[in-house]
file target25.pdb (PDB, C-alpha atoms (C1' of nucleotides))
ATOM      1  CA  MET A   1       5.110  70.986  35.833  1.00  0.00           C
ATOM      2  CA  GLN A   2       8.082  70.179  33.628  1.00  0.00           C
ATOM      3  CA  HIS A   3      10.279  72.764  31.901  1.00  0.00           C
ATOM      4  CA  TRP A   4      11.443  72.087  28.332  1.00  0.00           C
ATOM      5  CA  LEU A   5      13.812  73.162  25.604  1.00  0.00           C
ATOM      6  CA  PHE A   6      12.748  72.419  22.021  1.00  0.00           C
ATOM      7  CA  LYS A   7      15.201  72.672  19.165  1.00  0.00           C
ATOM      8  CA  THR A   8      14.386  74.000  15.752  1.00  0.00           C
ATOM      9  CA  GLU A   9      16.471  74.825  12.720  1.00  0.00           C
ATOM     10  CA  PRO A  10      15.736  78.486  11.970  1.00  0.00           C
ATOM     11  CA  GLU A  11      15.998  77.925   8.219  1.00  0.00           C
ATOM     12  CA  THR A  12      13.114  75.489   8.574  1.00  0.00           C
ATOM     13  CA  TYR A  13      11.099  77.154  11.334  1.00  0.00           C
ATOM     14  CA  SER A  14      12.313  80.061  13.453  1.00  0.00           C
ATOM     15  CA  ILE A  15      11.063  81.948  16.505  1.00  0.00           C
ATOM     16  CA  ALA A  16       9.996  84.690  14.068  1.00  0.00           C
ATOM     17  CA  ASP A  17       7.787  82.159  12.262  1.00  0.00           C
ATOM     18  CA  LEU A  18       6.235  81.131  15.588  1.00  0.00           C
ATOM     19  CA  GLU A  19       5.689  84.778  16.538  1.00  0.00           C
ATOM     20  CA  ARG A  20       3.935  85.435  13.219  1.00  0.00           C
ATOM     21  CA  GLU A  21       1.716  82.348  13.468  1.00  0.00           C
ATOM     22  CA  GLY A  22       1.013  82.607  17.207  1.00  0.00           C
ATOM     23  CA  ARG A  23       1.059  78.827  17.632  1.00  0.00           C
ATOM     24  CA  CYS A  24       2.118  75.758  15.680  1.00  0.00           C
ATOM     25  CA  GLY A  25       2.178  71.988  15.668  1.00  0.00           C
ATOM     26  CA  TRP A  26       5.731  70.867  16.536  1.00  0.00           C
ATOM     27  CA  GLU A  27       5.924  68.314  13.738  1.00  0.00           C
ATOM     28  CA  GLY A  28       8.726  66.117  12.506  1.00  0.00           C
ATOM     29  CA  ILE A  29      10.034  64.572  15.733  1.00  0.00           C
ATOM     30  CA  ARG A  30      11.350  61.158  14.615  1.00  0.00           C
ATOM     31  CA  ASN A  31      13.323  59.935  17.584  1.00  0.00           C
ATOM     32  CA  TYR A  32      11.836  57.481  20.046  1.00  0.00           C
ATOM     33  CA  GLN A  33      13.043  59.082  23.247  1.00  0.00           C
ATOM     34  CA  ALA A  34      11.836  62.492  22.117  1.00  0.00           C
ATOM     35  CA  ARG A  35       8.536  60.910  21.022  1.00  0.00           C
ATOM     36  CA  ASN A  36       8.071  59.252  24.395  1.00  0.00           C
ATOM     37  CA  ARG A  37       8.591  62.546  26.175  1.00  0.00           C
ATOM     38  CA  LEU A  38       6.072  64.313  23.957  1.00  0.00           C
ATOM     39  CA  ARG A  39       3.567  61.517  24.495  1.00  0.00           C
ATOM     40  CA  ASP A  40       4.061  60.827  28.200  1.00  0.00           C
ATOM     41  CA  GLU A  41       5.559  63.869  29.890  1.00  0.00           C
ATOM     42  CA  VAL A  42       4.813  67.086  28.013  1.00  0.00           C
ATOM     43  CA  ALA A  43       1.664  68.711  29.418  1.00  0.00           C
ATOM     44  CA  VAL A  44      -0.493  71.670  28.427  1.00  0.00           C
ATOM     45  CA  GLY A  45       0.787  74.774  30.209  1.00  0.00           C
ATOM     46  CA  ASP A  46       4.435  73.630  30.379  1.00  0.00           C
ATOM     47  CA  PRO A  47       6.906  76.410  29.480  1.00  0.00           C
ATOM     48  CA  VAL A  48       9.309  75.793  26.585  1.00  0.00           C
ATOM     49  CA  LEU A  49      12.581  77.460  25.677  1.00  0.00           C
ATOM     50  CA  ILE A  50      12.902  77.752  21.894  1.00  0.00           C
ATOM     51  CA  TYR A  51      16.428  76.952  20.660  1.00  0.00           C
ATOM     52  CA  HIS A  52      17.891  77.586  17.206  1.00  0.00           C
ATOM     53  CA  SER A  53      20.165  74.721  16.139  1.00  0.00           C
ATOM     54  CA  ASN A  54      22.323  74.005  13.098  1.00  0.00           C
ATOM     55  CA  CYS A  55      22.898  77.673  12.315  1.00  0.00           C
ATOM     56  CA  ALA A  56      25.583  80.350  12.555  1.00  0.00           C
ATOM     57  CA  GLU A  57      24.962  81.129  16.234  1.00  0.00           C
ATOM     58  CA  PRO A  58      23.120  78.326  18.052  1.00  0.00           C
ATOM     59  CA  ALA A  59      21.179  79.925  20.909  1.00  0.00           C
ATOM     60  CA  VAL A  60      18.099  80.011  23.115  1.00  0.00           C
ATOM     61  CA  VAL A  61      16.035  82.654  21.328  1.00  0.00           C
ATOM     62  CA  GLY A  62      12.557  82.698  22.812  1.00  0.00           C
ATOM     63  CA  LEU A  63       9.825  81.361  25.029  1.00  0.00           C
ATOM     64  CA  GLY A  64       6.770  79.285  24.236  1.00  0.00           C
ATOM     65  CA  GLU A  65       4.122  77.314  26.081  1.00  0.00           C
ATOM     66  CA  ILE A  66       2.524  73.952  25.384  1.00  0.00           C
ATOM     67  CA  CYS A  67      -1.037  74.635  24.230  1.00  0.00           C
ATOM     68  CA  GLY A  68      -2.031  71.206  22.892  1.00  0.00           C
ATOM     69  CA  ALA A  69      -1.298  67.677  24.168  1.00  0.00           C
ATOM     70  CA  ALA A  70       0.254  64.916  22.068  1.00  0.00           C
ATOM     71  CA  ARG A  71      -1.681  63.833  18.964  1.00  0.00           C
ATOM     72  CA  PRO A  72      -0.634  61.890  15.856  1.00  0.00           C
ATOM     73  CA  ASP A  73       1.719  63.883  13.623  1.00  0.00           C
ATOM     74  CA  PRO A  74      -0.229  64.064  10.322  1.00  0.00           C
ATOM     75  CA  PHE A  75       2.956  64.302   8.227  1.00  0.00           C
ATOM     76  CA  GLN A  76       3.819  60.671   8.984  1.00  0.00           C
ATOM     77  CA  PHE A  77       0.940  59.628   6.697  1.00  0.00           C
ATOM     78  CA  ASP A  78       1.857  62.008   3.837  1.00  0.00           C
ATOM     79  CA  PRO A  79       3.937  60.254   1.146  1.00  0.00           C
ATOM     80  CA  ASP A  80       5.111  63.625  -0.170  1.00  0.00           C
ATOM     81  CA  SER A  81       6.435  64.808   3.194  1.00  0.00           C
ATOM     82  CA  LYS A  82      10.026  64.364   4.276  1.00  0.00           C
ATOM     83  CA  TYR A  83       8.511  63.234   7.582  1.00  0.00           C
ATOM     84  CA  HIS A  84       6.597  60.395   5.899  1.00  0.00           C
ATOM     85  CA  ASP A  85       6.885  57.022   7.638  1.00  0.00           C
ATOM     86  CA  PRO A  86       5.613  54.120   5.508  1.00  0.00           C
ATOM     87  CA  LYS A  87       5.420  51.874   8.572  1.00  0.00           C
ATOM     88  CA  SER A  88       2.978  54.192  10.305  1.00  0.00           C
ATOM     89  CA  THR A  89      -0.794  53.824   9.926  1.00  0.00           C
ATOM     90  CA  PRO A  90      -3.694  55.943  11.225  1.00  0.00           C
ATOM     91  CA  GLU A  91      -4.748  52.901  13.287  1.00  0.00           C
ATOM     92  CA  GLN A  92      -1.272  52.604  14.794  1.00  0.00           C
ATOM     93  CA  PRO A  93       0.473  55.949  14.495  1.00  0.00           C
ATOM     94  CA  ARG A  94       4.130  55.874  15.429  1.00  0.00           C
ATOM     95  CA  TRP A  95       4.835  59.602  15.817  1.00  0.00           C
ATOM     96  CA  VAL A  96       3.129  62.396  17.732  1.00  0.00           C
ATOM     97  CA  LEU A  97       3.342  66.147  17.907  1.00  0.00           C
ATOM     98  CA  VAL A  98       2.340  68.717  20.503  1.00  0.00           C
ATOM     99  CA  ASP A  99       1.166  72.277  19.912  1.00  0.00           C
ATOM    100  CA  VAL A 100       3.297  75.214  21.005  1.00  0.00           C
ATOM    101  CA  ALA A 101       2.067  78.777  21.572  1.00  0.00           C
ATOM    102  CA  TYR A 102       4.291  81.822  21.106  1.00  0.00           C
ATOM    103  CA  ARG A 103       5.106  83.764  24.269  1.00  0.00           C
ATOM    104  CA  GLU A 104       8.209  85.879  23.817  1.00  0.00           C
ATOM    105  CA  THR A 105      11.253  86.655  21.673  1.00  0.00           C
ATOM    106  CA  PHE A 106      14.264  87.312  23.874  1.00  0.00           C
ATOM    107  CA  ALA A 107      16.064  90.654  23.665  1.00  0.00           C
ATOM    108  CA  LYS A 108      19.376  88.907  24.363  1.00  0.00           C
ATOM    109  CA  PRO A 109      19.517  85.319  23.062  1.00  0.00           C
ATOM    110  CA  LEU A 110      21.742  83.083  25.171  1.00  0.00           C
ATOM    111  CA  THR A 111      24.224  81.352  22.887  1.00  0.00           C
ATOM    112  CA  LEU A 112      25.396  77.765  23.180  1.00  0.00           C
ATOM    113  CA  ARG A 113      28.885  79.208  23.633  1.00  0.00           C
ATOM    114  CA  GLU A 114      27.733  81.143  26.713  1.00  0.00           C
ATOM    115  CA  ILE A 115      25.825  78.155  28.071  1.00  0.00           C
ATOM    116  CA  LYS A 116      28.914  75.939  27.762  1.00  0.00           C
ATOM    117  CA  ALA A 117      31.043  78.597  29.466  1.00  0.00           C
ATOM    118  CA  ASP A 118      28.794  78.805  32.549  1.00  0.00           C
ATOM    119  CA  PRO A 119      29.248  76.080  35.205  1.00  0.00           C
ATOM    120  CA  LEU A 120      25.609  76.589  36.217  1.00  0.00           C
ATOM    121  CA  PHE A 121      24.597  74.906  32.951  1.00  0.00           C
ATOM    122  CA  ALA A 122      27.239  72.153  32.901  1.00  0.00           C
ATOM    123  CA  ASP A 123      24.734  69.335  33.484  1.00  0.00           C
ATOM    124  CA  MET A 124      22.152  70.491  30.946  1.00  0.00           C
ATOM    125  CA  GLU A 125      21.122  67.965  28.314  1.00  0.00           C
ATOM    126  CA  LEU A 126      22.044  70.612  25.775  1.00  0.00           C
ATOM    127  CA  VAL A 127      25.654  70.041  26.801  1.00  0.00           C
ATOM    128  CA  SER A 128      25.669  66.338  27.659  1.00  0.00           C
ATOM    129  CA  ARG A 129      23.051  64.929  25.238  1.00  0.00           C
ATOM    130  CA  SER A 130      23.361  67.391  22.437  1.00  0.00           C
ATOM    131  CA  ARG A 131      21.490  65.359  19.824  1.00  0.00           C
ATOM    132  CA  LEU A 132      18.212  65.030  21.696  1.00  0.00           C
ATOM    133  CA  SER A 133      15.706  67.522  20.288  1.00  0.00           C
ATOM    134  CA  ILE A 134      13.182  67.499  23.163  1.00  0.00           C
ATOM    135  CA  GLN A 135      15.142  68.379  26.281  1.00  0.00           C
ATOM    136  CA  LYS A 136      14.239  68.694  29.938  1.00  0.00           C
ATOM    137  CA  VAL A 137      15.499  71.762  31.794  1.00  0.00           C
ATOM    138  CA  ALA A 138      15.772  72.054  35.578  1.00  0.00           C
ATOM    139  CA  PRO A 139      13.539  74.855  36.928  1.00  0.00           C
ATOM    140  CA  GLU A 140      16.421  76.884  38.363  1.00  0.00           C
ATOM    141  CA  GLN A 141      18.341  76.640  35.081  1.00  0.00           C
ATOM    142  CA  PHE A 142      15.224  77.571  33.155  1.00  0.00           C
ATOM    143  CA  ASP A 143      14.715  80.660  35.326  1.00  0.00           C
ATOM    144  CA  ALA A 144      18.379  81.653  35.055  1.00  0.00           C
ATOM    145  CA  ILE A 145      18.234  81.409  31.253  1.00  0.00           C
ATOM    146  CA  VAL A 146      15.064  83.495  31.017  1.00  0.00           C
ATOM    147  CA  ARG A 147      16.532  86.108  33.359  1.00  0.00           C
ATOM    148  CA  GLN A 148      19.737  86.397  31.316  1.00  0.00           C
ATOM    149  CA  CYS A 149      17.833  86.536  28.046  1.00  0.00           C
ATOM    150  CA  ARG A 150      15.635  89.409  29.194  1.00  0.00           C
ATOM    151  CA  GLY A 151      18.746  91.366  30.100  1.00  0.00           C
TER     152      GLY A 151
ATOM    153  C1'  DG B 152      31.288  71.062   4.063  1.00  0.00           C
ATOM    154  C1'  DC B 153      33.525  68.082   7.543  1.00  0.00           C
ATOM    155  C1'  DC B 154      33.107  64.789  10.789  1.00  0.00           C
ATOM    156  C1'  DA B 155      32.234  62.958  15.613  1.00  0.00           C
ATOM    157  C1'  DA B 156      28.595  61.223  18.198  1.00  0.00           C
ATOM    158  C1'  DC B 157      25.071  58.392  18.351  1.00  0.00           C
ATOM    159  C1'  DG B 158      20.518  56.368  16.983  1.00  0.00           C
ATOM    160  C1'  DT B 159      18.448  52.857  13.805  1.00  0.00           C
ATOM    161  C1'  DT B 160      18.309  48.887  10.786  1.00  0.00           C
ATOM    162  C1'  DG B 161      18.758  44.354   9.477  1.00  0.00           C
ATOM    163  C1'  DG B 162      21.532  40.069   8.639  1.00  0.00           C
ATOM    164  C1'  DC B 163      22.973  36.366  11.108  1.00  0.00           C
TER     165       DC B 163
ATOM    166  C1'  DG C 164      20.111  39.591  20.715  1.00  0.00           C
ATOM    167  C1'  DC C 165      24.642  41.008  18.754  1.00  0.00           C
ATOM    168  C1'  DC C 166      26.869  44.128  16.089  1.00  0.00           C
ATOM    169  C1'  DA C 167      28.400  46.089  11.587  1.00  0.00           C
ATOM    170  C1'  DA C 168      26.700  49.197   8.355  1.00  0.00           C
ATOM    171  C1'  DC C 169      24.339  53.039   7.631  1.00  0.00           C
ATOM    172  C1'  DG C 170      21.874  57.501   8.322  1.00  0.00           C
ATOM    173  C1'  DT C 171      21.200  61.794  10.898  1.00  0.00           C
ATOM    174  C1'  DT C 172      22.264  65.588  13.929  1.00  0.00           C
ATOM    175  C1'  DG C 173      24.418  69.594  14.728  1.00  0.00           C
ATOM    176  C1'  DG C 174      28.678  72.143  16.271  1.00  0.00           C
ATOM    177  C1'  DC C 175      32.453  73.950  14.198  1.00  0.00           C
TER     178       DC C 175
END

call {"tool": "encode", "arguments": {"input": "target25.pdb", "output": "structure tokens"}}
result
Amino acid sequence: MQHWLFKTEPETYSIADLEREGRCGWEGIRNYQARNRLRDEVAVGDPVLIYHSNCAEPAVVGLGEICGAARPDPFQFDPDSKYHDPKSTPEQPRWVLVDVAYRETFAKPLTLREIKADPLFADMELVSRSRLSIQKVAPEQFDAIVRQCRG
DNA sequence: GCCAACGTTGGC
DNA sequence: GCCAACGTTGGC
């Protein structure tokens, strides 16, 4: 089993939106390395930290779980979507999404500031590869984050 | 809103 | 296949 951290911009889709909907398709991933991970490595049942990016206080805010394996992202075929890709066809889809189920909203979100300040997290992709939106998290780091976030 | 980092595109 | 130009991400 692999542990993950998925980024989302809360103005677009927040942990509160996921809580309300119960589950969602994680659409709009348009980066090849992230796509490859979704397609080849993300598995149903994997736990996912939900991270709010590009906002006042970037932080790990909740917990989800993969509830659907990779499938073509339907927005790539929609000319009206900002995720439209004219080079993608239903016969040869370029982009995939996975489905994420809501699990938990953390009582104490762990901020990026706190993560950067803790040597335990120094080698996280969040620190070293900050622009990748589908990140792998080592199990012991994942557990430490969840523990801190539950207070 | 700025801008550094870095991924993608396309001419050659 | 190199690399300059360009676009996007995301912290600050």

call {"tool": "residues_near_point", "arguments": {"input": "target25.pdb", "point": "(25.6, 73.3, 14.5)", "cutoff": "12 Å", "atoms": "all atoms listed in the file", "output": "list in words"}}
result
Lys7, Thr8, Glu9, Pro10, Tyr51, His52, Ser53, Asn54, Cys55, Ala56, Glu57, Pro58, Ala59, Thr111, Leu112, Arg113, Ser130 and Arg131 of chain A; DC153 and DC154 of chain B; DT172, DG173, DG174 and DC175 of chain C

call {"tool": "interface_residues", "arguments": {"input": "target25.pdb", "of": "chain B", "to": "chain A", "cutoff": "10 Å", "atoms": "only C-alpha atoms (C1' of nucleotides)", "output": "list in words"}}
result
DA156, DC157, DG158 and DT159 of chain B

call {"tool": "closest_residue", "arguments": {"input": "target25.pdb", "among": "A:Gly68, A:Trp4, A:Cys149, A:Ser81", "to": "Glu125 (chain A)", "atoms": "only C-alpha atoms"}}
result
A:Trp4

call {"tool": "resolve_selection", "arguments": {"input": "target25.pdb", "expression": "the PyMOL selection byres ((chain A and resi 93-104) around 6)", "output": "ChimeraX atom specification"}}
result
/A:18-19,22-27,62-73,88-90,92,105

call {"tool": "atom_distance", "arguments": {"input": "target25.pdb", "atom1": "CA of Ile50 (chain A)", "atom2": "CA of Phe6 (chain A)"}}
result
5.3 Å

call {"tool": "atom_distance", "arguments": {"input": "target25.pdb", "atom1": "CA of Val137 (chain A)", "atom2": "CA of His3 (chain A)"}}
result
5.3 Å

call {"tool": "atom_distance", "arguments": {"input": "target25.pdb", "atom1": "CA of Tyr13 (chain A)", "atom2": "CA of Lys136 (chain A)"}}
result
20.7 Å

call {"tool": "resolve_selection", "arguments": {"input": "target25.pdb", "expression": "the PyMOL selection byres ((chain A and resi 2) around 12)", "output": "ChimeraX atom specification"}}
result
/A:1,3-5,37-38,40-49,65-66,134-140,142

call {"tool": "decode", "arguments": {"input": "target25.pdb", "residues": "region 32-58 of chain A", "atoms": "N, CA and C atoms", "output": "mmCIF file, in the first residue's frame"}}
result
data_model
loop_
_atom_site.group_PDB
_atom_site.id
_atom_site.type_symbol
_atom_site.label_atom_id
_atom_site.label_comp_id
_atom_site.auth_asym_id
_atom_site.auth_seq_id
_atom_site.Cartn_x
_atom_site.Cartn_y
_atom_site.Cartn_z
ATOM 1 N N TYR A 32 2.398 15.106 -16.401
ATOM 2 C CA TYR A 32 2.622 13.717 -16.787
ATOM 3 C C TYR A 32 3.078 12.835 -15.633
ATOM 4 N N GLN A 33 3.934 13.367 -14.776
ATOM 5 C CA GLN A 33 4.385 12.534 -13.664
ATOM 6 C C GLN A 33 3.242 12.229 -12.699
ATOM 7 N N ALA A 34 2.423 13.245 -12.446
ATOM 8 C CA ALA A 34 1.256 13.027 -11.585
ATOM 9 C C ALA A 34 0.296 12.042 -12.249
ATOM 10 N N ARG A 35 0.099 12.192 -13.566
ATOM 11 C CA ARG A 35 -0.773 11.281 -14.310
ATOM 12 C C ARG A 35 -0.270 9.840 -14.215
ATOM 13 N N ASN A 36 1.027 9.669 -14.386
ATOM 14 C CA ASN A 36 1.585 8.318 -14.338
ATOM 15 C C ASN A 36 1.378 7.671 -12.976
ATOM 16 N N ARG A 37 1.499 8.467 -11.936
ATOM 17 C CA ARG A 37 1.267 7.927 -10.592
ATOM 18 C C ARG A 37 -0.186 7.523 -10.418
ATOM 19 N N LEU A 38 -1.099 8.368 -10.863
ATOM 20 C CA LEU A 38 -2.522 8.030 -10.754
ATOM 21 C C LEU A 38 -2.814 6.745 -11.507
ATOM 22 N N ARG A 39 -2.225 6.625 -12.688
ATOM 23 C CA ARG A 39 -2.517 5.490 -13.569
ATOM 24 C C ARG A 39 -1.865 4.204 -13.084
ATOM 25 N N ASP A 40 -0.612 4.309 -12.603
ATOM 26 C CA ASP A 40 0.186 3.104 -12.365
ATOM 27 C C ASP A 40 0.362 2.734 -10.895
ATOM 28 N N GLU A 41 0.213 3.684 -10.000
ATOM 29 C CA GLU A 41 0.600 3.413 -8.612
ATOM 30 C C GLU A 41 -0.508 3.604 -7.598
ATOM 31 N N VAL A 42 -1.444 4.501 -7.867
ATOM 32 C CA VAL A 42 -2.532 4.722 -6.909
ATOM 33 C C VAL A 42 -3.485 3.531 -6.964
ATOM 34 N N ALA A 43 -3.827 2.985 -5.789
ATOM 35 C CA ALA A 43 -4.691 1.807 -5.738
ATOM 36 C C ALA A 43 -5.870 2.055 -4.796
ATOM 37 N N VAL A 44 -6.987 1.379 -5.098
ATOM 38 C CA VAL A 44 -8.159 1.477 -4.236
ATOM 39 C C VAL A 44 -7.784 1.049 -2.817
ATOM 40 N N GLY A 45 -8.190 1.853 -1.842
ATOM 41 C CA GLY A 45 -7.872 1.579 -0.447
ATOM 42 C C GLY A 45 -6.695 2.391 0.078
ATOM 43 N N ASP A 46 -5.887 2.978 -0.828
ATOM 44 C CA ASP A 46 -4.756 3.799 -0.369
ATOM 45 C C ASP A 46 -5.261 5.023 0.394
ATOM 46 N N PRO A 47 -4.609 5.360 1.517
ATOM 47 C CA PRO A 47 -4.973 6.570 2.262
ATOM 48 C C PRO A 47 -4.335 7.824 1.644
ATOM 49 N N VAL A 48 -5.054 8.934 1.735
ATOM 50 C CA VAL A 48 -4.633 10.179 1.083
ATOM 51 C C VAL A 48 -4.770 11.353 2.055
ATOM 52 N N LEU A 49 -3.665 12.063 2.274
ATOM 53 C CA LEU A 49 -3.761 13.337 2.975
ATOM 54 C C LEU A 49 -4.275 14.390 2.003
ATOM 55 N N ILE A 50 -5.229 15.191 2.440
ATOM 56 C CA ILE A 50 -5.760 16.279 1.616
ATOM 57 C C ILE A 50 -5.072 17.569 2.049
ATOM 58 N N TYR A 51 -4.485 18.275 1.060
ATOM 59 C CA TYR A 51 -3.666 19.461 1.326
ATOM 60 C C TYR A 51 -4.251 20.664 0.604
ATOM 61 N N HIS A 52 -4.424 21.758 1.331
ATOM 62 C CA HIS A 52 -4.887 23.010 0.712
ATOM 63 C C HIS A 52 -3.688 23.827 0.254
ATOM 64 N N SER A 53 -3.618 24.101 -1.047
ATOM 65 C CA SER A 53 -2.514 24.891 -1.600
ATOM 66 C C SER A 53 -3.026 26.226 -2.132
ATOM 67 N N ASN A 54 -2.055 27.130 -2.370
ATOM 68 C CA ASN A 54 -2.369 28.420 -2.994
ATOM 69 C C ASN A 54 -3.451 29.171 -2.225
ATOM 70 N N CYS A 55 -3.256 29.284 -0.926
ATOM 71 C CA CYS A 55 -4.240 29.937 -0.063
ATOM 72 C C CYS A 55 -3.496 30.593 1.103
ATOM 73 N N ALA A 56 -4.254 31.246 1.976
ATOM 74 C CA ALA A 56 -3.638 32.034 3.048
ATOM 75 C C ALA A 56 -2.743 31.176 3.941
ATOM 76 N N GLU A 57 -3.220 30.001 4.329
ATOM 77 C CA GLU A 57 -2.432 29.123 5.194
ATOM 78 C C GLU A 57 -2.376 27.722 4.602
ATOM 79 N N PRO A 58 -1.406 27.472 3.716
ATOM 80 C CA PRO A 58 -1.278 26.134 3.124
ATOM 81 C C PRO A 58 -1.087 25.093 4.218
#
